[in-house]
$ cat query_21.cif   # mmCIF, C-alpha atoms and all ligand atoms
data_start
#
loop_
_atom_site.label_atom_id
_atom_site.label_comp_id
_atom_site.auth_asym_id
_atom_site.auth_seq_id
_atom_site.Cartn_x
_atom_site.Cartn_y
_atom_site.Cartn_z
CA MET V 1 125.87 187.29 108.30
CA ASN V 2 122.19 186.32 108.20
CA ASN V 3 121.81 185.89 104.44
CA LEU V 4 122.30 183.08 102.01
CA LYS V 5 124.82 184.63 99.63
CA LYS V 6 127.76 182.76 101.16
CA TYR V 7 125.79 179.53 101.20
CA ASN V 8 125.02 179.79 97.47
CA GLU V 9 128.54 180.88 96.54
CA LYS V 10 130.09 177.83 98.17
CA ARG V 11 127.99 175.32 96.26
CA ASN V 12 127.58 174.10 92.69
CA PHE V 13 123.91 173.15 92.45
CA ASN V 14 124.49 171.20 89.25
CA LYS V 15 126.56 168.79 91.30
CA THR V 16 125.09 168.69 94.80
CA LYS V 17 121.56 167.73 95.77
CA GLU V 18 121.50 170.20 98.64
CA PRO V 19 118.69 172.78 98.28
CA LYS V 20 119.37 176.18 96.72
CA GLY V 21 119.48 179.04 99.19
CA LYS V 22 116.24 180.99 99.25
CA LYS V 23 114.98 182.99 102.17
CA GLU V 24 111.62 181.76 103.42
CA LYS V 25 109.00 182.95 105.83
CA THR V 26 109.62 182.00 109.41
CA GLU V 27 106.71 180.19 110.99
CA LYS V 28 105.34 180.83 114.44
CA LYS V 29 107.13 177.88 115.95
CA LEU V 30 110.87 178.16 115.46
CA ARG V 31 112.50 174.97 114.28
CA PHE V 32 115.90 173.46 114.78
CA VAL V 33 117.78 170.56 113.30
CA VAL V 34 121.00 168.70 114.01
CA GLN V 35 122.67 166.94 111.11
CA HIS V 36 125.46 164.43 111.54
CA HIS V 37 127.87 165.33 108.77
CA LEU V 38 130.69 163.00 107.85
CA ALA V 39 132.82 165.17 105.59
CA ARG V 40 136.58 165.77 105.66
CA ARG V 41 136.02 165.87 109.40
CA ASP V 42 133.26 164.19 111.31
CA HIS V 43 131.00 166.74 112.99
CA TYR V 44 127.44 167.65 113.90
CA ASP V 45 125.72 170.74 112.50
CA LEU V 46 123.38 172.58 114.82
CA ARG V 47 120.94 174.83 112.96
CA LEU V 48 118.44 177.20 114.55
CA GLU V 49 115.69 178.90 112.56
CA TYR V 50 115.90 182.65 112.79
CA ASN V 51 114.62 185.37 110.44
CA GLY V 52 113.83 182.99 107.58
CA VAL V 53 117.17 181.15 107.55
CA LEU V 54 118.98 178.57 109.66
CA LEU V 55 121.76 179.99 111.83
CA SER V 56 124.40 177.28 111.74
CA TRP V 57 127.24 175.97 113.90
CA ALA V 58 129.52 173.02 113.16
CA VAL V 59 130.12 171.13 116.41
CA PRO V 60 133.13 168.79 115.96
CA LYS V 61 132.37 166.55 118.94
CA GLY V 62 128.62 167.04 118.74
CA PRO V 63 126.39 168.27 121.56
CA SER V 64 126.81 166.75 125.01
CA PHE V 65 124.07 166.08 127.57
CA ASN V 66 126.60 166.67 130.33
CA PRO V 67 126.61 170.28 131.66
CA GLU V 68 130.31 169.85 132.52
CA ASP V 69 131.22 169.61 128.81
CA LYS V 70 131.86 172.74 126.80
CA ARG V 71 131.69 171.80 123.16
CA LEU V 72 133.37 173.93 120.50
CA ALA V 73 130.78 175.18 117.97
CA VAL V 74 132.11 177.01 114.91
CA ARG V 75 129.64 179.43 113.38
CA VAL V 76 129.31 178.75 109.65
CA GLU V 77 127.29 180.34 106.88
CA ASP V 78 123.51 180.57 107.28
CA HIS V 79 121.62 177.78 105.56
CA PRO V 80 118.19 177.94 103.87
CA LEU V 81 115.23 176.68 105.89
CA SER V 82 114.69 173.80 103.50
CA TYR V 83 118.09 172.44 104.51
CA ARG V 84 116.44 171.10 107.66
CA ASN V 85 115.03 168.25 105.53
CA PHE V 86 118.28 167.42 103.76
CA GLU V 87 119.70 163.98 104.19
CA GLY V 88 121.89 162.24 101.66
CA THR V 89 125.28 162.49 100.08
CA ILE V 90 127.22 165.50 98.81
CA PRO V 91 129.56 164.48 95.97
CA LYS V 92 133.28 164.13 96.69
CA GLY V 93 135.23 167.26 95.82
CA GLU V 94 132.22 169.52 96.40
CA TYR V 95 131.93 171.80 99.42
CA GLY V 96 131.11 169.62 102.42
CA GLY V 97 131.45 166.47 100.32
CA GLY V 98 130.36 163.44 102.34
CA THR V 99 127.27 162.09 104.06
CA VAL V 100 124.58 164.02 105.90
CA MET V 101 122.17 162.34 108.31
CA LEU V 102 119.19 163.96 110.01
CA TRP V 103 120.18 163.39 113.60
CA ASP V 104 117.58 165.44 115.46
CA LYS V 105 114.86 167.94 114.80
CA GLY V 106 112.05 169.75 116.50
CA CYS V 107 111.09 173.18 117.76
CA TYR V 108 112.97 175.49 120.05
CA GLN V 109 112.19 178.47 122.20
CA ASP V 110 114.32 181.57 122.37
CA GLU V 111 114.91 182.18 126.09
CA GLY V 112 116.05 185.75 125.59
CA ASN V 113 116.03 188.00 122.58
CA PHE V 114 118.00 186.50 119.73
CA SER V 115 118.42 189.73 117.77
CA GLN V 116 120.18 191.40 120.71
CA ASP V 117 121.79 188.28 122.13
CA LEU V 118 123.46 187.43 118.81
CA LYS V 119 125.43 190.67 119.07
CA LYS V 120 126.17 190.09 122.73
CA GLY V 121 127.30 186.57 121.96
CA VAL V 122 125.17 184.65 124.44
CA LEU V 123 122.21 182.67 123.13
CA LYS V 124 119.92 180.83 125.50
CA PHE V 125 117.29 178.49 124.16
CA THR V 126 115.17 175.44 125.00
CA LEU V 127 115.20 172.54 122.56
CA LYS V 128 112.19 170.30 122.05
CA GLY V 129 113.68 167.65 119.82
CA LYS V 130 113.48 163.89 119.85
CA ARG V 131 117.00 163.54 121.24
CA LEU V 132 117.98 167.00 122.43
CA LYS V 133 115.72 168.53 125.04
CA GLY V 134 115.82 171.18 127.70
CA LYS V 135 117.91 174.31 128.12
CA TRP V 136 121.10 175.04 126.18
CA THR V 137 123.48 177.97 125.83
CA LEU V 138 125.77 179.09 123.05
CA ILE V 139 128.54 181.47 124.13
CA HIS V 140 130.74 183.37 121.70
CA PHE V 141 134.42 183.66 122.61
CA LYS V 142 136.48 184.62 119.56
CA GLU V 143 136.11 184.98 115.79
CA ASP V 144 133.66 182.28 114.65
CA ASN V 145 134.18 180.17 117.75
CA TRP V 146 131.39 179.55 120.23
CA LEU V 147 130.81 177.03 123.03
CA LEU V 148 127.73 174.86 123.20
CA ILE V 149 126.76 173.97 126.76
CA LYS V 150 123.91 171.95 128.25
CA GLU V 151 122.28 173.75 131.17
CA ASN V 152 121.64 171.83 134.32
CA ASP V 153 118.03 170.67 134.20
CA GLU V 154 116.08 167.41 134.23
CA PHE V 155 117.37 166.58 130.72
CA ALA V 156 121.04 166.73 131.70
CA ASN V 157 122.71 163.31 131.86
CA LEU V 158 125.93 161.44 131.18
CA GLU V 159 124.82 159.53 128.11
CA ASN V 160 127.02 159.52 125.05
CA ILE V 161 125.37 160.93 121.92
CA THR V 162 127.01 158.26 119.75
CA LYS V 163 124.40 155.78 120.97
CA PHE V 164 122.06 157.54 118.56
CA ASN V 165 123.55 156.37 115.29
CA LYS V 166 120.50 156.28 113.04
CA SER V 167 118.55 158.92 111.16
CA ILE V 168 115.47 160.22 112.94
CA LYS V 169 113.75 160.47 109.56
CA THR V 170 114.67 157.27 107.74
CA ASN V 171 116.20 155.14 110.49
CA ARG V 172 119.30 154.60 108.35
CA THR V 173 122.91 154.61 109.57
CA MET V 174 125.50 156.87 107.94
CA LYS V 175 126.76 153.86 106.02
CA GLU V 176 123.30 153.02 104.71
CA ILE V 177 122.78 156.61 103.56
CA SER V 178 126.07 156.73 101.69
CA GLU V 179 125.50 153.34 100.10
CA ASN V 180 121.96 154.22 99.18
CA LYS V 181 122.54 154.93 95.51
CA THR V 182 124.57 151.89 94.59
CA LYS V 183 122.20 149.80 96.64
CA ALA V 184 119.17 150.85 94.64
CA LYS V 185 120.83 149.51 91.52
CA LEU V 186 122.33 146.36 92.97
CA ILE V 187 119.80 144.99 95.33
CA THR V 188 117.22 143.63 92.86
CA SER V 189 118.21 140.09 93.67
CA LYS V 190 117.30 140.58 97.31
CA LYS V 191 113.76 140.93 98.54
CA ASP V 192 113.44 144.70 98.87
CA ALA V 193 115.19 147.72 97.38
CA ILE V 194 115.80 151.17 98.74
CA VAL V 195 115.22 154.19 96.52
CA CYS V 196 115.77 157.66 97.99
CA GLY V 197 115.18 156.32 101.56
CA ILE V 198 112.00 154.53 100.66
CA LYS V 199 111.85 150.79 100.85
CA ILE V 200 110.42 149.35 97.65
CA THR V 201 108.76 146.02 98.29
CA ASN V 202 108.32 143.55 95.45
CA PRO V 203 110.97 145.39 93.37
CA ASP V 204 111.07 142.62 90.75
CA LYS V 205 107.36 142.68 90.08
CA VAL V 206 106.85 143.03 86.31
CA ILE V 207 104.55 145.98 85.55
CA PHE V 208 105.02 146.20 81.76
CA ASN V 209 105.91 143.18 79.65
CA ASN V 210 107.06 144.70 76.38
CA PRO V 211 109.61 146.09 77.03
CA LYS V 212 109.95 144.50 80.46
CA VAL V 213 109.68 147.10 83.23
CA THR V 214 109.66 146.23 86.93
CA LYS V 215 108.35 148.18 89.89
CA LEU V 216 111.96 149.02 90.81
CA ASP V 217 112.59 150.33 87.26
CA ILE V 218 109.66 152.71 87.76
CA ALA V 219 110.91 153.84 91.19
CA LEU V 220 114.38 154.47 89.74
CA TYR V 221 112.86 156.32 86.77
CA TYR V 222 110.96 158.73 89.04
CA HIS V 223 114.08 159.10 91.19
CA LYS V 224 116.02 160.04 88.06
CA VAL V 225 113.51 162.64 86.79
CA ALA V 226 112.40 163.94 90.21
CA LYS V 227 114.42 167.15 89.94
CA LYS V 228 112.85 168.04 86.60
CA MET V 229 109.38 166.76 87.42
CA LEU V 230 108.94 168.28 90.87
CA PRO V 231 108.63 171.92 89.70
CA PHE V 232 105.51 170.82 87.78
CA ILE V 233 103.88 168.72 90.48
CA LYS V 234 105.10 170.09 93.79
CA ASN V 235 102.38 171.69 95.92
CA ARG V 236 99.63 170.85 93.44
CA LEU V 237 96.76 168.67 94.56
CA PHE V 238 97.03 165.43 92.70
CA SER V 239 95.45 162.15 91.82
CA ALA V 240 97.22 159.03 90.68
CA VAL V 241 96.53 155.86 88.78
CA ARG V 242 97.51 152.72 90.62
CA MET V 243 98.18 149.49 88.79
CA PRO V 244 99.40 147.01 91.41
CA ASP V 245 99.25 143.96 89.18
CA GLY V 246 100.75 145.50 86.08
CA VAL V 247 99.40 145.75 82.54
CA GLY V 248 96.21 143.76 82.18
CA GLY V 249 95.44 143.99 85.89
CA GLU V 250 93.02 146.34 87.56
CA LYS V 251 93.62 150.10 87.61
CA PHE V 252 92.49 152.45 90.35
CA PHE V 253 92.16 156.20 90.08
CA LYS V 254 93.10 157.50 93.49
CA LYS V 255 92.56 160.90 95.14
CA HIS V 256 93.00 160.15 98.82
CA PHE V 257 96.40 159.18 100.10
CA GLU V 258 96.13 159.05 103.85
CA THR V 259 98.69 156.24 104.01
CA ASN V 260 101.57 158.29 102.57
CA PRO V 261 103.36 160.09 105.45
CA TYR V 262 105.39 162.32 103.13
CA LEU V 263 102.48 164.17 101.51
CA GLY V 264 100.92 167.51 102.34
CA LYS V 265 97.18 167.54 103.03
CA LYS V 266 94.56 170.14 102.14
CA ILE V 267 91.04 170.01 103.52
CA ILE V 268 88.41 171.47 101.22
CA PHE V 269 84.73 171.94 102.01
CA ASN V 270 82.36 171.90 99.05
CA GLU V 271 79.25 174.10 98.66
CA LYS V 272 77.22 171.61 100.68
CA GLY V 273 79.71 171.90 103.51
CA GLN V 274 81.04 168.38 102.99
CA ARG V 275 84.65 167.82 103.86
CA ASN V 276 87.11 166.42 101.32
CA ASP V 277 90.76 165.68 102.02
CA TYR V 278 93.13 166.31 99.15
CA TYR V 279 96.85 165.65 99.04
CA TYR V 280 99.94 167.11 97.41
CA ILE V 281 103.48 166.02 96.80
CA LYS V 282 106.13 168.15 98.52
CA ASP V 283 109.33 166.36 97.65
CA GLU V 284 110.93 163.32 96.07
CA GLN V 285 110.10 161.11 99.04
CA GLY V 286 106.39 161.75 98.57
CA LEU V 287 106.68 160.81 94.91
CA ILE V 288 108.73 157.65 95.48
CA TYR V 289 106.52 156.54 98.34
CA GLU V 290 103.54 156.72 95.98
CA VAL V 291 105.41 154.46 93.56
CA GLN V 292 105.94 152.06 96.46
CA MET V 293 102.13 152.16 96.87
CA ASN V 294 101.80 151.25 93.16
CA SER V 295 100.89 154.72 91.86
CA TYR V 296 102.62 155.02 88.50
CA GLU V 297 100.71 157.78 86.67
CA PHE V 298 100.29 161.25 88.16
CA HIS V 299 97.71 163.96 87.45
CA VAL V 300 97.78 167.45 88.94
CA TRP V 301 95.58 170.52 89.38
CA GLY V 302 96.03 173.75 87.41
CA SER V 303 96.61 175.73 90.63
CA LYS V 304 98.96 175.42 93.55
CA VAL V 305 97.85 174.59 97.04
CA ASP V 306 98.76 177.98 98.55
CA ASN V 307 96.75 179.74 95.84
CA LEU V 308 94.07 177.24 95.12
CA ASN V 309 91.64 179.70 93.55
CA SER V 310 94.14 181.27 91.15
CA PRO V 311 94.90 178.74 88.42
CA ASP V 312 98.34 179.25 86.91
CA LEU V 313 98.77 176.43 84.41
CA MET V 314 96.32 175.90 81.54
CA VAL V 315 96.50 172.76 79.47
CA LEU V 316 95.00 172.10 76.06
CA ASP V 317 94.88 168.43 75.23
CA LEU V 318 95.01 168.01 71.45
CA ASP V 319 93.46 164.70 70.74
CA PRO V 320 93.36 163.60 67.08
CA ASP V 321 90.75 161.37 65.50
CA LYS V 322 92.26 157.91 65.20
CA ASN V 323 92.57 158.18 61.40
CA LEU V 324 94.07 161.66 61.30
CA ARG V 325 97.55 161.73 59.76
CA ILE V 326 100.32 162.91 62.07
CA ASN V 327 101.43 165.80 59.84
CA LYS V 328 97.86 167.17 59.95
CA LEU V 329 97.95 166.95 63.73
CA ARG V 330 101.30 168.78 63.80
CA THR V 331 100.04 171.56 61.51
CA GLY V 332 97.02 171.94 63.79
CA VAL V 333 99.22 172.19 66.88
CA LYS V 334 101.31 174.90 65.20
CA ASP V 335 98.16 176.83 64.23
CA ILE V 336 97.02 176.83 67.86
CA LYS V 337 100.46 178.08 68.87
CA LYS V 338 100.07 180.96 66.38
CA LEU V 339 96.79 181.96 67.96
CA LEU V 340 98.34 181.86 71.44
CA LYS V 341 101.16 184.06 70.20
CA GLN V 342 98.63 186.60 68.94
CA LEU V 343 97.04 186.49 72.39
CA LYS V 344 100.52 187.14 73.85
CA LEU V 345 100.45 183.84 75.74
CA SER V 346 103.66 181.85 75.96
CA CYS V 347 103.21 178.12 75.71
CA TYR V 348 105.10 174.86 76.08
CA LEU V 349 104.72 171.52 74.42
CA LYS V 350 104.66 167.99 75.75
CA THR V 351 103.81 164.64 74.28
CA SER V 352 100.75 162.94 75.71
CA GLY V 353 102.50 159.57 75.72
CA ASN V 354 99.58 158.35 73.67
CA LYS V 355 98.14 159.79 70.42
CA GLY V 356 98.20 163.54 70.94
CA TYR V 357 100.17 166.50 72.16
CA HIS V 358 99.51 168.79 75.10
CA ILE V 359 100.06 172.55 75.08
CA MET V 360 100.81 174.03 78.50
CA ILE V 361 100.11 177.73 79.01
CA PRO V 362 101.43 179.39 82.18
CA ILE V 363 99.05 182.12 83.39
CA LYS V 364 100.91 184.82 85.25
CA GLU V 365 98.02 187.10 86.07
CA LYS V 366 95.77 186.30 88.99
CA ILE V 367 92.46 185.17 87.53
CA SER V 368 89.49 183.18 88.77
CA TRP V 369 88.70 179.63 87.73
CA LYS V 370 85.64 180.96 85.88
CA LYS V 371 87.73 183.34 83.79
CA PHE V 372 90.39 180.66 83.29
CA ARG V 373 87.82 178.20 81.99
CA GLU V 374 86.32 180.84 79.67
CA ILE V 375 89.71 181.59 78.15
CA ALA V 376 90.44 177.90 77.51
CA LYS V 377 86.99 177.41 75.98
CA LYS V 378 87.33 180.53 73.85
CA ILE V 379 90.68 179.37 72.43
CA ALA V 380 89.11 176.06 71.38
CA GLU V 381 86.08 177.83 69.87
CA ILE V 382 88.17 180.31 67.91
CA MET V 383 90.09 177.43 66.31
CA GLU V 384 86.87 175.62 65.54
CA ASN V 385 85.29 178.72 64.02
CA GLU V 386 88.37 179.32 61.91
CA ASP V 387 88.36 175.83 60.41
CA ALA V 388 85.61 173.46 61.48
CA THR V 389 86.91 170.82 59.08
CA ARG V 390 90.07 170.48 61.19
CA PHE V 391 89.14 171.40 64.78
CA THR V 392 86.34 170.63 67.19
CA SER V 393 85.76 171.78 70.74
CA ASN V 394 83.00 169.22 71.16
CA ILE V 395 83.74 166.27 73.39
CA ARG V 396 81.39 163.87 71.56
CA ILE V 397 83.35 161.19 69.70
CA ASN V 398 81.18 161.28 66.56
CA SER V 399 81.87 164.98 66.08
CA ARG V 400 85.61 164.28 65.81
CA LYS V 401 85.91 162.52 62.46
CA ASP V 402 89.17 163.56 60.75
CA LYS V 403 89.55 166.38 63.24
CA ILE V 404 91.60 167.44 66.22
CA PHE V 405 89.56 167.60 69.40
CA ILE V 406 90.77 170.50 71.51
CA ASP V 407 89.99 169.32 75.01
CA TRP V 408 89.76 172.51 77.08
CA GLN V 409 87.60 171.01 79.81
CA ARG V 410 90.47 170.09 82.09
CA ASN V 411 90.72 173.74 83.00
CA ILE V 412 88.11 173.78 85.74
CA LYS V 413 88.56 173.68 89.48
CA GLY V 414 89.03 170.11 90.64
CA ALA V 415 89.99 168.75 87.22
CA THR V 416 93.49 167.40 86.63
CA PHE V 417 95.86 166.88 83.72
CA VAL V 418 98.61 164.33 83.35
CA ALA V 419 101.84 165.69 84.81
CA PRO V 420 104.96 166.24 82.69
CA TYR V 421 107.31 163.22 83.02
CA SER V 422 104.47 160.99 84.22
CA LEU V 423 104.25 157.46 82.92
CA ARG V 424 101.09 156.53 81.04
CA LEU V 425 99.53 153.25 81.98
CA LYS V 426 98.63 151.81 78.58
CA ASP V 427 100.28 148.74 77.03
CA LYS V 428 103.71 150.38 76.70
CA PRO V 429 105.56 152.36 79.40
CA THR V 430 105.32 155.67 77.53
CA ILE V 431 105.93 159.05 79.11
CA SER V 432 104.25 162.43 78.79
CA MET V 433 107.47 164.23 77.90
CA PRO V 434 108.10 167.97 77.58
CA ILE V 435 109.77 168.74 74.24
CA SER V 436 110.92 171.95 72.60
CA TRP V 437 108.79 173.35 69.79
CA ASN V 438 111.42 172.60 67.15
CA LYS V 439 111.14 168.89 67.99
CA LEU V 440 107.42 168.77 67.17
CA ASP V 441 108.01 167.53 63.61
CA SER V 442 110.35 164.73 64.63
CA VAL V 443 108.89 163.48 67.92
CA LYS V 444 105.79 161.31 67.83
CA PRO V 445 103.38 161.60 70.78
CA ASP V 446 104.30 158.12 72.03
CA LYS V 447 108.00 158.27 71.19
CA PHE V 448 109.40 158.49 74.72
CA ASN V 449 109.17 155.64 77.16
CA ILE V 450 110.90 154.61 80.37
CA LYS V 451 113.54 152.66 78.45
CA ASN V 452 114.63 155.23 75.85
CA ILE V 453 114.33 158.46 77.83
MN MN W 1 128.65 170.53 108.01
#
$ encode --input "query_21.cif" --output "structure tokens" --more "lines below"
Ligand code: MN
Amino acid sequence: MNNLKKYNEKRNFNKTKEPKGKKEKTEKKLRFVVQHHLARRDHYDLRLEYNGVLLSWAVPKGPSFNPEDKRLAVRVEDHPLSYRNFEGTIPKGEYGGGTVMLWDKGCYQDEGNFSQDLKKGVLKFTLKGKRLKGKWTLIHFKEDNWLLIKENDEFANLENITKFNKSIKTNRTMKEISENKTKAKLITSKKDAIVCGIKITNPDKVIFNNPKVTKLDIALYYHKVAKKMLPFIKNRLFSAVRMPDGVGGEKFFKKHFETNPYLGKKIIFNEKGQRNDYYYIKDEQGLIYEVQMNSYEFHVWGSKVDNLNSPDLMVLDLDPDKNLRINKLRTGVKDIKKLLKQLKLSCYLKTSGNKGYHIMIPIKEKISWKKFREIAKKIAEIMENEDATRFTSNIRINSRKDKIFIDWQRNIKGATFVAPYSLRLKDKPTISMPISWNKLDSVKPDKFNIKNI
């Protein structure tokens, strides 16, 4: 079996939030997970990492700590490694429709040789989970049917697994997980709200006055756009703007997020050998947790964390002089697009959420930050040389009169640009929104906000 074709065929990823099946690299320590899955039938899924996927068994009665019990374990299709983090609901009518809770996870040790033992039909392994520990055996007897047995060791006992009825990740019961969505919308009258497993405190706090937007509205907004936003922010070092007291209150630009347990961390030493800790968002939880910590605007690097020195997303911020008419700005944006086309660079458009537009240019070739910066600068200079009455590459305000300032300077290592779908923390809750090129003439830079998106 050992591939994800079956897994992908069984699921409609437009409908379910389960991860798409992609094979990943196996890490040194092999991981396992047990998910309590209340679908048509109640069962527990045991998944063992092997060769970049999760070998999977559905165990109707769940594992037993008692070596006398032989629990039926039905081998099912391999699951992608990322499935080990999945907790939530699968829509009714979809494959496996129901509720999935992370019941246990940890590392395991292969006590034989899995590649041979799989064929023989006897797998021996030691689990180092929070709930399941010690030696276990899986024995194949016919078709897809195996038996899961606890070996006799110091972790064997007569306890019933049902005493563990809460998620090891979010401490929620099955009921709380399945009610999660409706709860987020209904609970505003109570003290706290839950969005995507994260408790939002002070949900009713007003962050924007006109239109009125609460902290919970912002959490629900990011929950709603997470799927579209994550491809742009995931695994990129980021900074955020916090505004705990709402419009008019203090704003903090934040780079260090040691209090958020859901983030990835990257340690970087500068030329002087000084250590700096940077952080990156890995999933929706990381994003929502930041909202809980009052971060409402997100800025990301032009490179990803696993390839920090190869920038892959260039951004030109087209910032018009305050008196420049919008049709002149739009013509300028189109002229820059023409140049990029001549340079055989594809590019995407987003609103700034303020006065300008941003052009995003994916860079597929591996280039250094130095080269990357030179290219961005050159683009701005070519436009300026072509028509210095319309464009400037000079950051000084007094050089901008009636012109479009092409801000290329975000394209250096350590600099950030505002992420697509991020809120902007001005007076109104506007959004930096990706739009298609044919919408340029009809969409103003501040058109989209949290209420009309
Ligand atoms: Mn299942």
$ residues_near_point --input "query_21.cif" --point "(97.9, 160.9, 72.8)" --cutoff "10 Å" --atoms "all atoms listed in the file" --output "PDB file with C-alpha atoms, keeping the file's coordinate frame"
ATOM      1  CA  ASP V 317      94.880 168.430  75.230  1.00  0.00           C
ATOM      2  CA  LEU V 318      95.010 168.010  71.450  1.00  0.00           C
ATOM      3  CA  ASP V 319      93.460 164.700  70.740  1.00  0.00           C
ATOM      4  CA  PRO V 320      93.360 163.600  67.080  1.00  0.00           C
ATOM      5  CA  LYS V 322      92.260 157.910  65.200  1.00  0.00           C
ATOM      6  CA  THR V 351     103.810 164.640  74.280  1.00  0.00           C
ATOM      7  CA  SER V 352     100.750 162.940  75.710  1.00  0.00           C
ATOM      8  CA  GLY V 353     102.500 159.570  75.720  1.00  0.00           C
ATOM      9  CA  ASN V 354      99.580 158.350  73.670  1.00  0.00           C
ATOM     10  CA  LYS V 355      98.140 159.790  70.420  1.00  0.00           C
ATOM     11  CA  GLY V 356      98.200 163.540  70.940  1.00  0.00           C
ATOM     12  CA  TYR V 357     100.170 166.500  72.160  1.00  0.00           C
ATOM     13  CA  HIS V 358      99.510 168.790  75.100  1.00  0.00           C
ATOM     14  CA  ARG V 424     101.090 156.530  81.040  1.00  0.00           C
ATOM     15  CA  SER V 432     104.250 162.430  78.790  1.00  0.00           C
ATOM     16  CA  LYS V 444     105.790 161.310  67.830  1.00  0.00           C
ATOM     17  CA  PRO V 445     103.380 161.600  70.780  1.00  0.00           C
ATOM     18  CA  ASP V 446     104.300 158.120  72.030  1.00  0.00           C
TER      19      ASP V 446
END
$ residues_near_ligand --input "query_21.cif" --ligand "ligand MN 1 (chain W)" --cutoff "6 Å" --atoms "all atoms listed in the file" --output "PyMOL selection string"
chain V and resi 37+45+58
$ write_last_selection --input "query_21.cif" --atoms "C-alpha atoms" --output "CSV table (one decimal), keeping the file's coordinate frame"
chain,number,residue,atom,x,y,z
V,37,HIS,CA,127.9,165.3,108.8
V,45,ASP,CA,125.7,170.7,112.5
V,58,ALA,CA,129.5,173.0,113.2
$ residues_near_point --input "query_21.cif" --point "(114.5, 152.3, 91.1)" --cutoff "8 Å" --atoms "only C-alpha atoms" --output "ChimeraX atom specification"
/V:184-185,193-195,215-223
$ closest_residue --input "query_21.cif" --among "V:Gly134, V:Gly96, V:Gly62, V:Pro231" --to "Tyr44 in chain V" --atoms "only C-alpha atoms"
V:Gly62
$ residues_around --input "query_21.cif" --residues "Gly21 in chain V" --least-positions-apart "4" --cutoff "6 Å" --atoms "only C-alpha atoms" --output "list in words"
Leu4, Asn8 and Pro80 of chain V
$ residues_around --input "query_21.cif" --residues "range 380-394 of chain V" --least-positions-apart "3" --cutoff "8 Å" --atoms "all atoms listed in the file" --output "PyMOL selection string"
chain V and resi 332+336+376-377+399-400+402-408
$ atom_distance --input "query_21.cif" --atom1 "CA of Thr173 in chain V" --atom2 "CA of Met101 in chain V"
7.9 Å
$ closest_residue --input "query_21.cif" --among "V:Pro434, V:Pro60, V:Gly273, V:Gly286" --to "Asn235 in chain V" --atoms "only C-alpha atoms"
V:Gly286
$ residues_around --input "query_21.cif" --residues "range 360-365 of chain V" --least-positions-apart "6" --cutoff "9 Å" --atoms "only C-alpha atoms" --output "VMD selection string"
chain V and resid 310 to 317 340 345 to 350 372
$ residues_around --input "query_21.cif" --residues "range 162-166 of chain V" --least-positions-apart "2" --cutoff "12 Å" --atoms "all atoms listed in the file" --output "PyMOL selection string"
chain V and resi 35-37+43-44+61-65+87+100-104+130-132+158-160+168-177
